[in-house]
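Enquirer: Right, I'll just put the structure down here and ask away after.
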Amino acid sequence: MTAAPRTPLLRRVPPGAWVGAFWVTLILVRMLQRPDELRHLVQYDGNIEDAPLLATAVVTTLGALLLFRAPLAAVAVALAGAVFSIGMAVRETTFVLFLLADAAVGYTAATRSRRLSVPAAGLCLATLAGYSLWRLARGTFFNASAPAGLASTVAIAWLIGNTIRQDRAHTETVRAQATRQAITAERLRIARELHDMVAHAIGIITIQAGVGSRVMDTQPAETRKALEAIEATGRETLAGLRRMLGALRKGEEEPAPLDPLPGLAALGHLVGRSASAGVRVDVRRRGERRELPPDVDLAAFRIVQEAVTNVVRHSGTRECTVTVDYGRGELAVDVVDRGRGRGADGGSGYGIVGMRERVGLLHGEFSAGPLPDGGFRVAALFPIPVEAQR
C-alpha cells in the first residue's frame with residue numbers, strides 16, 4: 001500500500017492561527033509605539049485604533065478558527081461582535097463585523113447543505129429583527145433602511161453561495177456521468193475485442209479439427225498439420241486472453257501493456273491463419289497507403305477479421321476477397337465471398353451487430369447482406385478526420 005504524502009507543515013497550520021498571529025504582531029508593534037496601548041484597546045473613546053480594533057481582531061480570529069469546522073458558530077461569533085460594537089463611537093465597526101457574518105453565510109451556503117446554510121442566514125436576519133424591535137421598544141427613532149439593507153446583503157450572500165454549491169454539484173454529477181459512460185464504453189470495447197479474438201480462433205480451430213478428423217486414417221501428415229495449427233491458434237489465443245485479463249486485473253499505478261493493437265498491417269498474419277484453415281484470402285489495396293488514426297485502423301482490422309472468420313465458419317467456400325481502399329478523406333473496407341450467401345453470423349451470433357456498432361461509433365457507414373448472384377458481402381466506410389490526414 002502506498003503511503004499518502006504528508007501535508008506541508010505550513011498548510012497544517014489552521015487559518016485562525018495565521019489571523020491571530022497577525023493581530024498579536026500588530027498589537028505588539030503598537031505597544032512599542034504607545035506605552036498605554038492595552039488601556040486604549042478596552043476604551044470606547046471613538047478611536048478606531050482602540051476598542052473597535054480589538055473587537056475586530058477577536059471576531060476575525062475566532063471566526064477563522066471556527067469557519068471550516070463549525071460555520072454556524074463562526075456566523076454567531078461575527079454577529080456577537082457586531083452587537084457588542086453597537087455602543088462604540090465608531091459605528092462602521094458594526095457594519096464591518098456584520099459583513100463578516102455575511103461572508104460566513106456565503107461560505108456556509110457554498111460548502112454545506114441547506115440544512116445548515118438556511119439557519120445561518122436566519123440567524124443573521126433574526127439578529128437584525130431583534131435589533132429593530134429593541135430600538136422600537138426603547139422608543140428611539142432609527143433609520144429602518146440600515147437593517148433592511150443589511151438583510152439584503154444576507155440574502156445576496158446566501159444566494160451567491162447556494163449558486164456556487166449548485167454549480168459544483170452539477171459539475172460533479174456531469175463528471176460522474178462521464179465516468180460511468182467511459183467505463184461502459186470501455187467494457188463494450190473489451191467485450192468486442194474478446195468476441196472478435198475468441199470467435200476468430202474458435203472458427204479456425206473448428207475447421208482444422210474437422211479437417212483432421214476426416215483425413216486422420218488416410219493422410220496422417222495432414223492430420224498432424226491440422227493439430228499443429230490448432231495448437232498454435234490455441235496458444236496464441238490463450239496468450240492474448242491472458243494479456244487482456246492481466247491488464248484488467250492490474251492496478252491503476254501499474255504500467256499499461258505496451259503491445260500494439262492490431263491494425264490493417266496485421267492482415268498478412270490473418271491471411272496466413274485463414275489459409276491454414278483452408279480458406280484463401282485475396283487482399284487487394286487501392287489508393288495511397290498512409291497512416292490511419294488508431295481507432296479507425298483497429299476497427300477496420302476487426303471488421304475484416306470478423307468477416308473472414310464467418311467466411312471460414314459459415315460460407316462453405318474456400319476463398320474470399322478483401323479490398324482496402326484508401327480514399328480521399330475516407331477508408332473503405334470490403335469483404336466478398338462466393339459461398340452459400342448465409343448471414344455472417346450463421347443466423348445465431350452477434351457478428352453483424354458488433355461490426356455495425358464498431359462502424360457506428362466512428363460515424364461510418366456499414367452494410368452486410370447476400371449478393372444477387374450468390375455469396376455474401378460485408379462493407380464498411382470510415383470517415384477520416386481532416387486533422388488525421390495532415
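Residues in the C-alpha cells are numbered from 1 in each chain, the chains being A, B, ... in the order shown, and ligands are numbered from 1 in the order shown.
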Excluding same-chain residues fewer than 3 positions from Ala379 of chain A, what lies within 9 Å of it counting only C-alpha atoms, as a list in words?
Expert: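 Surrounding residues, per the criterion: Ile303, Ala332, Val333, Asp334, Val335, Val336, Glu365, Phe366, Ser367 and Ala368 of chain A.
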Enquirer: Identify, on the basis of only C-alpha atoms, every residue whose closest approach to Gly287 of chain A does not exceed 9 Å; exclude the query and any residue fewer than 6 positions from it along the same chain; express the result as a list of chain:residue names.
Expert: A:Val324, A:Asp325, A:Tyr326, A:Gly327, A:Arg328
Enquirer: Give me the segment 117-188 of chain A side of the contact with segment 76-79 of chain A, cut-off 10 Å, one line per residue showing its nearest atom pair and distance in Å at one decimal, counting only C-alpha atoms, sorted by chain and residue number, as CSV.
Expert:
```
residue,atom,partner,partner_atom,distance
A:Ala120,CA,A:Ala76,CA,8.2
A:Leu123,CA,A:Ala76,CA,7.6
A:Cys124,CA,A:Leu79,CA,7.1
A:Thr127,CA,A:Leu79,CA,7.5
A:Leu128,CA,A:Leu79,CA,9.6
```
Enquirer: Name the residues of segment 26-167 of chain A that fall into alpha helix (DSSP H) according to DSSP on the backbone, using the chain letters and numbers of this document, as number ranges by chain.
Expert: A: 26-33, 37-41, 51-67, 71-84, 92-111, 114-138, 145-167
Enquirer: Excluding segment 59-75 of chain A and its own-chain neighbours fewer than 5 positions away, which residues fall within 6 Å of it when counting only C-alpha atoms? Please give them as a PyMOL selection string.
Expert: chain A and resi 15-16+19-20+101+104+120
Enquirer: Can you tell me, as an mmCIF file with C-alpha atoms, in the first residue's frame, what residues are no more than 9 Å from segment 304-321 of chain A when counting only C-alpha atoms, ignoring any on the same chain fewer than 3 positions away?
Expert:
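Okay, this is what ended up in around.cif:
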```cif
data_model
loop_
_atom_site.group_PDB
_atom_site.id
_atom_site.type_symbol
_atom_site.label_atom_id
_atom_site.label_comp_id
_atom_site.auth_asym_id
_atom_site.auth_seq_id
_atom_site.Cartn_x
_atom_site.Cartn_y
_atom_site.Cartn_z
ATOM 1 C CA ASP A 196 -13.515 -10.978 -32.125
ATOM 2 C CA MET A 197 -10.459 -12.747 -30.736
ATOM 3 C CA ALA A 199 -14.675 -16.130 -32.384
ATOM 4 C CA HIS A 200 -11.858 -15.998 -34.909
ATOM 5 C CA ALA A 201 -9.732 -18.517 -33.009
ATOM 6 C CA GLY A 203 -13.576 -20.739 -36.062
ATOM 7 C CA ILE A 204 -10.061 -21.674 -37.161
ATOM 8 C CA THR A 206 -13.191 -25.897 -35.588
ATOM 9 C CA ILE A 207 -12.234 -26.038 -39.263
ATOM 10 C CA LEU A 264 -4.526 -3.376 -41.185
ATOM 11 C CA LEU A 267 -3.715 -8.587 -42.441
ATOM 12 C CA LEU A 270 -4.746 -13.056 -40.714
ATOM 13 C CA SER A 274 -7.122 -18.376 -42.700
ATOM 14 C CA ALA A 275 -5.069 -20.284 -45.263
ATOM 15 C CA ALA A 277 -7.916 -23.316 -42.127
ATOM 16 C CA GLY A 278 -8.382 -23.941 -45.838
ATOM 17 C CA VAL A 279 -9.700 -20.527 -46.922
ATOM 18 C CA ARG A 280 -7.592 -18.420 -49.257
ATOM 19 C CA VAL A 281 -7.915 -14.674 -48.685
ATOM 20 C CA ASP A 282 -7.047 -12.370 -51.570
ATOM 21 C CA VAL A 283 -6.150 -8.926 -50.191
ATOM 22 C CA ARG A 284 -6.361 -6.011 -52.606
ATOM 23 C CA ALA A 299 -11.915 -1.073 -36.269
ATOM 24 C CA ALA A 300 -11.120 -1.789 -39.947
ATOM 25 C CA PHE A 301 -8.969 -4.773 -38.986
ATOM 26 C CA VAL A 333 -13.224 -1.999 -46.425
ATOM 27 C CA ASP A 334 -14.987 -4.656 -48.469
ATOM 28 C CA VAL A 335 -15.092 -8.448 -47.864
ATOM 29 C CA VAL A 336 -16.799 -10.619 -50.514
ATOM 30 C CA ASP A 337 -17.159 -14.376 -50.757
ATOM 31 C CA ARG A 338 -18.959 -16.608 -53.239
ATOM 32 C CA GLY A 339 -20.341 -19.084 -50.790
ATOM 33 C CA ARG A 340 -23.859 -20.003 -49.808
ATOM 34 C CA GLY A 341 -24.838 -16.420 -49.105
ATOM 35 C CA ARG A 342 -25.769 -17.054 -45.477
ATOM 36 C CA GLY A 343 -25.637 -14.281 -42.924
ATOM 37 C CA ALA A 344 -22.257 -13.506 -41.481
ATOM 38 C CA ASP A 345 -23.485 -14.746 -38.127
ATOM 39 C CA GLY A 346 -24.740 -18.045 -39.376
ATOM 40 C CA GLY A 351 -21.094 -10.588 -35.588
ATOM 41 C CA ILE A 352 -23.080 -8.177 -37.770
ATOM 42 C CA MET A 355 -19.485 -4.781 -36.712
ATOM 43 C CA GLY A 375 -22.223 -15.051 -51.960
ATOM 44 C CA PHE A 376 -22.093 -12.530 -49.190
ATOM 45 C CA ARG A 377 -20.648 -9.036 -48.891
ATOM 46 C CA VAL A 378 -19.587 -7.004 -45.857
#
```
